[in-house]
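Data file: data27.pdb. Format and content: PDB, N, CA and C atoms.
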```pdb
ATOM      1  N   MET A   1      36.750-218.310 -12.221  1.00  0.00           N
ATOM      2  CA  MET A   1      36.474-216.981 -12.719  1.00  0.00           C
ATOM      3  C   MET A   1      37.320-215.979 -11.922  1.00  0.00           C
ATOM      4  N   ALA A   2      37.842-214.997 -12.597  1.00  0.00           N
ATOM      5  CA  ALA A   2      38.663-213.989 -11.939  1.00  0.00           C
ATOM      6  C   ALA A   2      37.820-213.162 -10.969  1.00  0.00           C
ATOM      7  N   GLU A   3      38.400-212.848  -9.812  1.00  0.00           N
ATOM      8  CA  GLU A   3      37.676-212.064  -8.811  1.00  0.00           C
ATOM      9  C   GLU A   3      37.352-210.658  -9.295  1.00  0.00           C
ATOM     10  N   SER A   4      38.167-210.104 -10.200  1.00  0.00           N
ATOM     11  CA  SER A   4      37.967-208.732 -10.650  1.00  0.00           C
ATOM     12  C   SER A   4      36.793-208.601 -11.626  1.00  0.00           C
ATOM     13  N   PHE A   5      36.263-209.718 -12.129  1.00  0.00           N
ATOM     14  CA  PHE A   5      35.143-209.666 -13.055  1.00  0.00           C
ATOM     15  C   PHE A   5      33.871-209.314 -12.308  1.00  0.00           C
ATOM     16  N   ASP A   6      33.190-208.297 -12.748  1.00  0.00           N
ATOM     17  CA  ASP A   6      31.941-207.860 -12.133  1.00  0.00           C
ATOM     18  C   ASP A   6      30.860-207.903 -13.208  1.00  0.00           C
ATOM     19  N   ALA A   7      30.056-208.955 -13.195  1.00  0.00           N
ATOM     20  CA  ALA A   7      29.055-209.167 -14.233  1.00  0.00           C
ATOM     21  C   ALA A   7      28.046-208.032 -14.304  1.00  0.00           C
ATOM     22  N   ASP A   8      27.637-207.496 -13.160  1.00  0.00           N
ATOM     23  CA  ASP A   8      26.654-206.407 -13.162  1.00  0.00           C
ATOM     24  C   ASP A   8      27.220-205.156 -13.823  1.00  0.00           C
ATOM     25  N   ARG A   9      28.469-204.831 -13.500  1.00  0.00           N
ATOM     26  CA  ARG A   9      29.094-203.646 -14.097  1.00  0.00           C
ATOM     27  C   ARG A   9      29.280-203.851 -15.607  1.00  0.00           C
ATOM     28  N   CYS A  10      29.718-205.022 -15.986  1.00  0.00           N
ATOM     29  CA  CYS A  10      29.907-205.326 -17.410  1.00  0.00           C
ATOM     30  C   CYS A  10      28.582-205.201 -18.163  1.00  0.00           C
ATOM     31  N   ALA A  11      27.514-205.722 -17.583  1.00  0.00           N
ATOM     32  CA  ALA A  11      26.192-205.638 -18.221  1.00  0.00           C
ATOM     33  C   ALA A  11      25.743-204.186 -18.356  1.00  0.00           C
ATOM     34  N   ALA A  12      26.025-203.357 -17.346  1.00  0.00           N
ATOM     35  CA  ALA A  12      25.653-201.936 -17.410  1.00  0.00           C
ATOM     36  C   ALA A  12      26.413-201.234 -18.530  1.00  0.00           C
ATOM     37  N   TYR A  13      27.690-201.558 -18.687  1.00  0.00           N
ATOM     38  CA  TYR A  13      28.482-200.965 -19.782  1.00  0.00           C
ATOM     39  C   TYR A  13      27.903-201.385 -21.132  1.00  0.00           C
ATOM     40  N   MET A  14      27.626-202.661 -21.257  1.00  0.00           N
ATOM     41  CA  MET A  14      27.122-203.166 -22.538  1.00  0.00           C
ATOM     42  C   MET A  14      25.761-202.558 -22.875  1.00  0.00           C
ATOM     43  N   LYS A  15      24.910-202.417 -21.876  1.00  0.00           N
ATOM     44  CA  LYS A  15      23.591-201.813 -22.101  1.00  0.00           C
ATOM     45  C   LYS A  15      23.749-200.358 -22.558  1.00  0.00           C
ATOM     46  N   ALA A  16      24.649-199.630 -21.899  1.00  0.00           N
ATOM     47  CA  ALA A  16      24.866-198.224 -22.257  1.00  0.00           C
ATOM     48  C   ALA A  16      25.484-198.094 -23.645  1.00  0.00           C
ATOM     49  N   LEU A  17      26.299-199.054 -24.045  1.00  0.00           N
ATOM     50  CA  LEU A  17      26.951-198.998 -25.349  1.00  0.00           C
ATOM     51  C   LEU A  17      26.090-199.582 -26.459  1.00  0.00           C
ATOM     52  N   GLY A  18      24.962-200.190 -26.113  1.00  0.00           N
ATOM     53  CA  GLY A  18      24.122-200.854 -27.094  1.00  0.00           C
ATOM     54  C   GLY A  18      23.302-199.917 -27.969  1.00  0.00           C
ATOM     55  N   GLU A  19      23.330-198.652 -27.713  1.00  0.00           N
ATOM     56  CA  GLU A  19      22.578-197.655 -28.484  1.00  0.00           C
ATOM     57  C   GLU A  19      23.542-196.953 -29.443  1.00  0.00           C
ATOM     58  N   PRO A  20      23.287-196.985 -30.746  1.00  0.00           N
ATOM     59  CA  PRO A  20      24.203-196.360 -31.710  1.00  0.00           C
ATOM     60  C   PRO A  20      24.503-194.883 -31.441  1.00  0.00           C
ATOM     61  N   MET A  21      23.523-194.119 -30.960  1.00  0.00           N
ATOM     62  CA  MET A  21      23.768-192.702 -30.688  1.00  0.00           C
ATOM     63  C   MET A  21      24.817-192.540 -29.592  1.00  0.00           C
ATOM     64  N   ARG A  22      24.817-193.428 -28.614  1.00  0.00           N
ATOM     65  CA  ARG A  22      25.815-193.338 -27.545  1.00  0.00           C
ATOM     66  C   ARG A  22      27.207-193.655 -28.058  1.00  0.00           C
ATOM     67  N   MET A  23      27.288-194.521 -29.034  1.00  0.00           N
ATOM     68  CA  MET A  23      28.590-194.792 -29.655  1.00  0.00           C
ATOM     69  C   MET A  23      29.081-193.544 -30.396  1.00  0.00           C
ATOM     70  N   ARG A  24      28.170-192.825 -31.022  1.00  0.00           N
ATOM     71  CA  ARG A  24      28.536-191.568 -31.690  1.00  0.00           C
ATOM     72  C   ARG A  24      28.981-190.526 -30.672  1.00  0.00           C
ATOM     73  N   ILE A  25      28.339-190.497 -29.512  1.00  0.00           N
ATOM     74  CA  ILE A  25      28.727-189.565 -28.451  1.00  0.00           C
ATOM     75  C   ILE A  25      30.131-189.898 -27.956  1.00  0.00           C
ATOM     76  N   ILE A  26      30.425-191.181 -27.797  1.00  0.00           N
ATOM     77  CA  ILE A  26      31.770-191.579 -27.383  1.00  0.00           C
ATOM     78  C   ILE A  26      32.792-191.083 -28.393  1.00  0.00           C
ATOM     79  N   GLU A  27      32.487-191.204 -29.656  1.00  0.00           N
ATOM     80  CA  GLU A  27      33.407-190.716 -30.697  1.00  0.00           C
ATOM     81  C   GLU A  27      33.635-189.211 -30.550  1.00  0.00           C
ATOM     82  N   CYS A  28      32.591-188.456 -30.249  1.00  0.00           N
ATOM     83  CA  CYS A  28      32.742-187.010 -30.039  1.00  0.00           C
ATOM     84  C   CYS A  28      33.617-186.719 -28.824  1.00  0.00           C
ATOM     85  N   LEU A  29      33.417-187.463 -27.748  1.00  0.00           N
ATOM     86  CA  LEU A  29      34.135-187.203 -26.502  1.00  0.00           C
ATOM     87  C   LEU A  29      35.594-187.649 -26.544  1.00  0.00           C
ATOM     88  N   ARG A  30      35.958-188.399 -27.553  1.00  0.00           N
ATOM     89  CA  ARG A  30      37.362-188.821 -27.667  1.00  0.00           C
ATOM     90  C   ARG A  30      38.293-187.627 -27.828  1.00  0.00           C
ATOM     91  N   SER A  31      37.778-186.520 -28.341  1.00  0.00           N
ATOM     92  CA  SER A  31      38.613-185.327 -28.536  1.00  0.00           C
ATOM     93  C   SER A  31      38.740-184.490 -27.265  1.00  0.00           C
ATOM     94  N   GLY A  32      37.933-184.790 -26.246  1.00  0.00           N
ATOM     95  CA  GLY A  32      37.994-184.045 -24.991  1.00  0.00           C
ATOM     96  C   GLY A  32      36.618-183.703 -24.473  1.00  0.00           C
ATOM     97  N   PRO A  33      36.564-183.032 -23.322  1.00  0.00           N
ATOM     98  CA  PRO A  33      35.286-182.700 -22.688  1.00  0.00           C
ATOM     99  C   PRO A  33      34.424-181.801 -23.569  1.00  0.00           C
ATOM    100  N   LEU A  34      33.123-182.065 -23.541  1.00  0.00           N
ATOM    101  CA  LEU A  34      32.157-181.267 -24.285  1.00  0.00           C
ATOM    102  C   LEU A  34      30.910-181.070 -23.438  1.00  0.00           C
ATOM    103  N   SER A  35      30.238-179.958 -23.680  1.00  0.00           N
ATOM    104  CA  SER A  35      28.962-179.717 -22.998  1.00  0.00           C
ATOM    105  C   SER A  35      27.852-180.454 -23.746  1.00  0.00           C
ATOM    106  N   VAL A  36      26.710-180.548 -23.105  1.00  0.00           N
ATOM    107  CA  VAL A  36      25.552-181.189 -23.726  1.00  0.00           C
ATOM    108  C   VAL A  36      25.192-180.479 -25.027  1.00  0.00           C
ATOM    109  N   SER A  37      25.187-179.160 -25.003  1.00  0.00           N
ATOM    110  CA  SER A  37      24.819-178.420 -26.207  1.00  0.00           C
ATOM    111  C   SER A  37      25.856-178.591 -27.313  1.00  0.00           C
ATOM    112  N   ASP A  38      27.135-178.703 -26.951  1.00  0.00           N
ATOM    113  CA  ASP A  38      28.171-178.961 -27.966  1.00  0.00           C
ATOM    114  C   ASP A  38      27.908-180.291 -28.665  1.00  0.00           C
ATOM    115  N   ILE A  39      27.607-181.305 -27.880  1.00  0.00           N
ATOM    116  CA  ILE A  39      27.360-182.639 -28.438  1.00  0.00           C
ATOM    117  C   ILE A  39      26.101-182.636 -29.292  1.00  0.00           C
ATOM    118  N   ALA A  40      25.054-181.976 -28.814  1.00  0.00           N
ATOM    119  CA  ALA A  40      23.810-181.898 -29.585  1.00  0.00           C
ATOM    120  C   ALA A  40      24.062-181.232 -30.938  1.00  0.00           C
ATOM    121  N   THR A  41      24.856-180.183 -30.938  1.00  0.00           N
ATOM    122  CA  THR A  41      25.167-179.487 -32.186  1.00  0.00           C
ATOM    123  C   THR A  41      25.971-180.383 -33.121  1.00  0.00           C
ATOM    124  N   LEU A  42      27.003-181.030 -32.598  1.00  0.00           N
ATOM    125  CA  LEU A  42      27.846-181.897 -33.422  1.00  0.00           C
ATOM    126  C   LEU A  42      27.051-183.040 -34.055  1.00  0.00           C
ATOM    127  N   LEU A  43      26.135-183.604 -33.295  1.00  0.00           N
ATOM    128  CA  LEU A  43      25.379-184.764 -33.773  1.00  0.00           C
ATOM    129  C   LEU A  43      24.039-184.403 -34.405  1.00  0.00           C
ATOM    130  N   GLU A  44      23.724-183.106 -34.405  1.00  0.00           N
ATOM    131  CA  GLU A  44      22.481-182.605 -34.992  1.00  0.00           C
ATOM    132  C   GLU A  44      21.259-183.292 -34.372  1.00  0.00           C
ATOM    133  N   ILE A  45      21.238-183.301 -33.026  1.00  0.00           N
ATOM    134  CA  ILE A  45      20.107-183.848 -32.286  1.00  0.00           C
ATOM    135  C   ILE A  45      19.637-182.808 -31.276  1.00  0.00           C
ATOM    136  N   GLU A  46      18.471-183.026 -30.709  1.00  0.00           N
ATOM    137  CA  GLU A  46      17.939-182.120 -29.698  1.00  0.00           C
ATOM    138  C   GLU A  46      18.785-182.203 -28.427  1.00  0.00           C
ATOM    139  N   VAL A  47      18.906-181.080 -27.731  1.00  0.00           N
ATOM    140  CA  VAL A  47      19.664-181.027 -26.480  1.00  0.00           C
ATOM    141  C   VAL A  47      19.090-182.024 -25.471  1.00  0.00           C
ATOM    142  N   ALA A  48      17.767-182.133 -25.412  1.00  0.00           N
ATOM    143  CA  ALA A  48      17.136-183.067 -24.475  1.00  0.00           C
ATOM    144  C   ALA A  48      17.553-184.511 -24.764  1.00  0.00           C
ATOM    145  N   ASN A  49      17.653-184.875 -26.041  1.00  0.00           N
ATOM    146  CA  ASN A  49      18.076-186.233 -26.394  1.00  0.00           C
ATOM    147  C   ASN A  49      19.532-186.467 -26.020  1.00  0.00           C
ATOM    148  N   ALA A  50      20.387-185.491 -26.295  1.00  0.00           N
ATOM    149  CA  ALA A  50      21.801-185.608 -25.934  1.00  0.00           C
ATOM    150  C   ALA A  50      21.932-185.741 -24.425  1.00  0.00           C
ATOM    151  N   SER A  51      21.185-184.948 -23.682  1.00  0.00           N
ATOM    152  CA  SER A  51      21.222-184.980 -22.229  1.00  0.00           C
ATOM    153  C   SER A  51      20.799-186.352 -21.705  1.00  0.00           C
ATOM    154  N   HIS A  52      19.764-186.912 -22.282  1.00  0.00           N
ATOM    155  CA  HIS A  52      19.278-188.239 -21.881  1.00  0.00           C
ATOM    156  C   HIS A  52      20.376-189.289 -22.062  1.00  0.00           C
ATOM    157  N   HIS A  53      20.983-189.320 -23.230  1.00  0.00           N
ATOM    158  CA  HIS A  53      22.030-190.306 -23.511  1.00  0.00           C
ATOM    159  C   HIS A  53      23.234-190.107 -22.589  1.00  0.00           C
ATOM    160  N   LEU A  54      23.622-188.869 -22.389  1.00  0.00           N
ATOM    161  CA  LEU A  54      24.776-188.588 -21.522  1.00  0.00           C
ATOM    162  C   LEU A  54      24.499-188.963 -20.070  1.00  0.00           C
ATOM    163  N   ARG A  55      23.291-188.739 -19.624  1.00  0.00           N
ATOM    164  CA  ARG A  55      22.928-189.106 -18.257  1.00  0.00           C
ATOM    165  C   ARG A  55      23.036-190.624 -18.074  1.00  0.00           C
ATOM    166  N   LEU A  56      22.552-191.392 -19.043  1.00  0.00           N
ATOM    167  CA  LEU A  56      22.639-192.849 -18.954  1.00  0.00           C
ATOM    168  C   LEU A  56      24.099-193.315 -19.003  1.00  0.00           C
ATOM    169  N   MET A  57      24.897-192.666 -19.825  1.00  0.00           N
ATOM    170  CA  MET A  57      26.311-193.015 -19.898  1.00  0.00           C
ATOM    171  C   MET A  57      27.020-192.699 -18.585  1.00  0.00           C
ATOM    172  N   SER A  58      26.661-191.597 -17.983  1.00  0.00           N
ATOM    173  CA  SER A  58      27.246-191.210 -16.705  1.00  0.00           C
ATOM    174  C   SER A  58      26.825-192.182 -15.603  1.00  0.00           C
ATOM    175  N   GLN A  59      25.564-192.562 -15.576  1.00  0.00           N
ATOM    176  CA  GLN A  59      25.073-193.511 -14.578  1.00  0.00           C
ATOM    177  C   GLN A  59      25.743-194.868 -14.708  1.00  0.00           C
ATOM    178  N   ALA A  60      26.093-195.254 -15.938  1.00  0.00           N
ATOM    179  CA  ALA A  60      26.767-196.531 -16.173  1.00  0.00           C
ATOM    180  C   ALA A  60      28.258-196.448 -15.854  1.00  0.00           C
ATOM    181  N   GLY A  61      28.755-195.242 -15.645  1.00  0.00           N
ATOM    182  CA  GLY A  61      30.171-195.074 -15.333  1.00  0.00           C
ATOM    183  C   GLY A  61      31.054-194.869 -16.544  1.00  0.00           C
ATOM    184  N   LEU A  62      30.454-194.707 -17.720  1.00  0.00           N
ATOM    185  CA  LEU A  62      31.233-194.509 -18.941  1.00  0.00           C
ATOM    186  C   LEU A  62      31.712-193.072 -19.102  1.00  0.00           C
ATOM    187  N   ALA A  63      30.989-192.132 -18.515  1.00  0.00           N
ATOM    188  CA  ALA A  63      31.323-190.717 -18.647  1.00  0.00           C
ATOM    189  C   ALA A  63      31.407-190.076 -17.261  1.00  0.00           C
ATOM    190  N   THR A  64      32.218-189.050 -17.181  1.00  0.00           N
ATOM    191  CA  THR A  64      32.320-188.260 -15.953  1.00  0.00           C
ATOM    192  C   THR A  64      31.836-186.852 -16.261  1.00  0.00           C
ATOM    193  N   THR A  65      31.485-186.111 -15.220  1.00  0.00           N
ATOM    194  CA  THR A  65      30.966-184.757 -15.410  1.00  0.00           C
ATOM    195  C   THR A  65      31.776-183.748 -14.615  1.00  0.00           C
ATOM    196  N   ARG A  66      31.733-182.520 -15.124  1.00  0.00           N
ATOM    197  CA  ARG A  66      32.358-181.379 -14.444  1.00  0.00           C
ATOM    198  C   ARG A  66      31.457-180.180 -14.696  1.00  0.00           C
ATOM    199  N   ARG A  67      31.084-179.491 -13.645  1.00  0.00           N
ATOM    200  CA  ARG A  67      30.212-178.327 -13.783  1.00  0.00           C
ATOM    201  C   ARG A  67      31.050-177.057 -13.844  1.00  0.00           C
ATOM    202  N   GLU A  68      30.712-176.198 -14.801  1.00  0.00           N
ATOM    203  CA  GLU A  68      31.286-174.855 -14.913  1.00  0.00           C
ATOM    204  C   GLU A  68      30.119-173.897 -15.055  1.00  0.00           C
ATOM    205  N   GLY A  69      29.776-173.240 -13.952  1.00  0.00           N
ATOM    206  CA  GLY A  69      28.611-172.350 -13.976  1.00  0.00           C
ATOM    207  C   GLY A  69      27.357-173.155 -14.231  1.00  0.00           C
ATOM    208  N   LYS A  70      26.607-172.765 -15.251  1.00  0.00           N
ATOM    209  CA  LYS A  70      25.376-173.488 -15.560  1.00  0.00           C
ATOM    210  C   LYS A  70      25.588-174.631 -16.554  1.00  0.00           C
ATOM    211  N   PHE A  71      26.806-174.813 -17.009  1.00  0.00           N
ATOM    212  CA  PHE A  71      27.096-175.854 -17.997  1.00  0.00           C
ATOM    213  C   PHE A  71      27.726-177.076 -17.336  1.00  0.00           C
ATOM    214  N   ILE A  72      27.348-178.247 -17.834  1.00  0.00           N
ATOM    215  CA  ILE A  72      27.959-179.501 -17.402  1.00  0.00           C
ATOM    216  C   ILE A  72      28.750-180.043 -18.577  1.00  0.00           C
ATOM    217  N   TYR A  73      30.014-180.328 -18.323  1.00  0.00           N
ATOM    218  CA  TYR A  73      30.895-180.882 -19.343  1.00  0.00           C
ATOM    219  C   TYR A  73      31.096-182.366 -19.087  1.00  0.00           C
ATOM    220  N   TYR A  74      30.966-183.147 -20.134  1.00  0.00           N
ATOM    221  CA  TYR A  74      31.130-184.589 -20.048  1.00  0.00           C
ATOM    222  C   TYR A  74      32.460-184.988 -20.657  1.00  0.00           C
ATOM    223  N   SER A  75      33.069-185.999 -20.045  1.00  0.00           N
ATOM    224  CA  SER A  75      34.316-186.585 -20.529  1.00  0.00           C
ATOM    225  C   SER A  75      34.174-188.100 -20.450  1.00  0.00           C
ATOM    226  N   LEU A  76      34.974-188.794 -21.246  1.00  0.00           N
ATOM    227  CA  LEU A  76      35.029-190.235 -21.110  1.00  0.00           C
ATOM    228  C   LEU A  76      35.731-190.588 -19.810  1.00  0.00           C
ATOM    229  N   ASN A  77      35.264-191.598 -19.133  1.00  0.00           N
ATOM    230  CA  ASN A  77      35.874-192.037 -17.887  1.00  0.00           C
ATOM    231  C   ASN A  77      37.254-192.629 -18.205  1.00  0.00           C
ATOM    232  N   PRO A  78      38.330-192.006 -17.721  1.00  0.00           N
ATOM    233  CA  PRO A  78      39.674-192.486 -18.057  1.00  0.00           C
ATOM    234  C   PRO A  78      39.991-193.872 -17.487  1.00  0.00           C
ATOM    235  N   ALA A  79      39.244-194.313 -16.485  1.00  0.00           N
ATOM    236  CA  ALA A  79      39.459-195.650 -15.936  1.00  0.00           C
ATOM    237  C   ALA A  79      38.980-196.726 -16.909  1.00  0.00           C
ATOM    238  N   ILE A  80      38.109-196.341 -17.839  1.00  0.00           N
ATOM    239  CA  ILE A  80      37.545-197.296 -18.808  1.00  0.00           C
ATOM    240  C   ILE A  80      38.132-197.071 -20.195  1.00  0.00           C
ATOM    241  N   PHE A  81      38.226-195.813 -20.600  1.00  0.00           N
ATOM    242  CA  PHE A  81      38.707-195.476 -21.934  1.00  0.00           C
ATOM    243  C   PHE A  81      40.114-194.894 -21.832  1.00  0.00           C
ATOM    244  N   SER A  82      41.023-195.469 -22.548  1.00  0.00           N
ATOM    245  CA  SER A  82      42.375-194.909 -22.598  1.00  0.00           C
ATOM    246  C   SER A  82      42.788-194.813 -24.055  1.00  0.00           C
ATOM    247  N   ARG A  83      43.701-193.925 -24.302  1.00  0.00           N
ATOM    248  CA  ARG A  83      44.143-193.704 -25.690  1.00  0.00           C
ATOM    249  C   ARG A  83      45.122-194.721 -26.115  1.00  0.00           C
TER     250      ARG A  83
END
```
Turn the structure described in the file into structure tokens.
Amino acid sequence: MAESFDADRCAAYMKALGEPMRMRIIECLRSGPLSVSDIATLLEIEVANASHHLRLMSQAGLATTRREGKFIYYSLNPAIFSR
């Protein structure tokens, strides 16, 4: 087995990607960074639900965050997602 394979990290990615709403969020983030409220509006879901999904994606390492004032902007992790 290759040394670079990390089963725990792979399982965390798969778990985070196993929810259809998170796949929709990834599709939204492909265009660039968005705030939680932007994503909630685009997907027509509650801000709390969008925040929950984004937090899990961030914890799994799929998304990165940047704070601007009171807003947090999420982006796809470029180490995992490339164009």
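Comparing A:Leu76, A:Asp6, A:Leu43, A:Ala12 by their smallest distance to A:Gln59, the closest is A:Ala12 (using all atoms listed in the file).
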DSSP-assigned helix (DSSP H, G or I) among chain A, expressed as a ChimeraX atom specification: /A:7-17,20-29,36-43,47-60
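Nearest-residue note for A:Ser37: choosing from A:Leu56, A:Arg66, A:Leu17, A:Ser51, the minimum distance belongs to A:Ser51, counting only N, CA and C atoms.
In this comparison, which uses only C-alpha atoms, the residue of A:Val47, A:Leu42, A:Gly32, A:Tyr13 approaching A:Ser75 most closely is A:Gly32.
Atom CA of A:Asp8 lies 28.0 Å from atom CA of A:Leu34.
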Length of the atom C of A:Ala60 to atom CA of A:Lys15 vector [Å]: 9.5 Å
Selection result of the PyMOL selection byres (((chain A and resi 79 and name CA) around 10) and name CA) on this file, as a PDB file with N, CA and C atoms, in the frame of the given file:
```pdb
ATOM      1  N   GLY A  61      28.755-195.242 -15.645  1.00  0.00           N
ATOM      2  CA  GLY A  61      30.171-195.074 -15.333  1.00  0.00           C
ATOM      3  C   GLY A  61      31.054-194.869 -16.544  1.00  0.00           C
ATOM      4  N   LEU A  62      30.454-194.707 -17.720  1.00  0.00           N
ATOM      5  CA  LEU A  62      31.233-194.509 -18.941  1.00  0.00           C
ATOM      6  C   LEU A  62      31.712-193.072 -19.102  1.00  0.00           C
ATOM      7  N   ALA A  63      30.989-192.132 -18.515  1.00  0.00           N
ATOM      8  CA  ALA A  63      31.323-190.717 -18.647  1.00  0.00           C
ATOM      9  C   ALA A  63      31.407-190.076 -17.261  1.00  0.00           C
ATOM     10  N   LEU A  76      34.974-188.794 -21.246  1.00  0.00           N
ATOM     11  CA  LEU A  76      35.029-190.235 -21.110  1.00  0.00           C
ATOM     12  C   LEU A  76      35.731-190.588 -19.810  1.00  0.00           C
ATOM     13  N   ASN A  77      35.264-191.598 -19.133  1.00  0.00           N
ATOM     14  CA  ASN A  77      35.874-192.037 -17.887  1.00  0.00           C
ATOM     15  C   ASN A  77      37.254-192.629 -18.205  1.00  0.00           C
ATOM     16  N   PRO A  78      38.330-192.006 -17.721  1.00  0.00           N
ATOM     17  CA  PRO A  78      39.674-192.486 -18.057  1.00  0.00           C
ATOM     18  C   PRO A  78      39.991-193.872 -17.487  1.00  0.00           C
ATOM     19  N   ILE A  80      38.109-196.341 -17.839  1.00  0.00           N
ATOM     20  CA  ILE A  80      37.545-197.296 -18.808  1.00  0.00           C
ATOM     21  C   ILE A  80      38.132-197.071 -20.195  1.00  0.00           C
ATOM     22  N   PHE A  81      38.226-195.813 -20.600  1.00  0.00           N
ATOM     23  CA  PHE A  81      38.707-195.476 -21.934  1.00  0.00           C
ATOM     24  C   PHE A  81      40.114-194.894 -21.832  1.00  0.00           C
ATOM     25  N   SER A  82      41.023-195.469 -22.548  1.00  0.00           N
ATOM     26  CA  SER A  82      42.375-194.909 -22.598  1.00  0.00           C
ATOM     27  C   SER A  82      42.788-194.813 -24.055  1.00  0.00           C
TER      28      SER A  82
END
```
Restricting the calculation to only C-alpha atoms: of A:Ala48, A:Glu27, A:Ser35, A:Glu19, which residue gets closest to A:Thr64? A:Ser35
Axis-aligned box for stretch 39-54 of chain A, 6 Å per side, centre and edges in Å as AutoDock Vina command-line options:
```
--center_x 22.5 --center_y -184.9 --center_z -27.5 --size_x 22.7 --size_y 22.8 --size_z 26.9
```
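Interatomic distance, atom CA of A:Val36 against atom CA of A:Tyr74: 7.5 Å.
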If the PyMOL selection byres (((chain A and resi 21 and name CA) around 12) and name CA) were run on this exact file, what residues would it hold? Put them as a ChimeraX atom specification. /A:16-20,22-28,39-40,42-45,49-54,56-57
Which residue gives the smallest distance to A:Ile72 among A:Met14, A:Ser58, A:Pro33, A:Thr41, with all atoms listed in the file counted? A:Pro33
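Residues of chain A that DSSP, applied to the backbone, places in strand (DSSP E): Leu34, Ser35, Ala63, Thr64, Thr65, Arg66, Arg67, Glu68, Phe71, Ile72, Tyr73, Tyr74, Ser75 and Leu76 of chain A.
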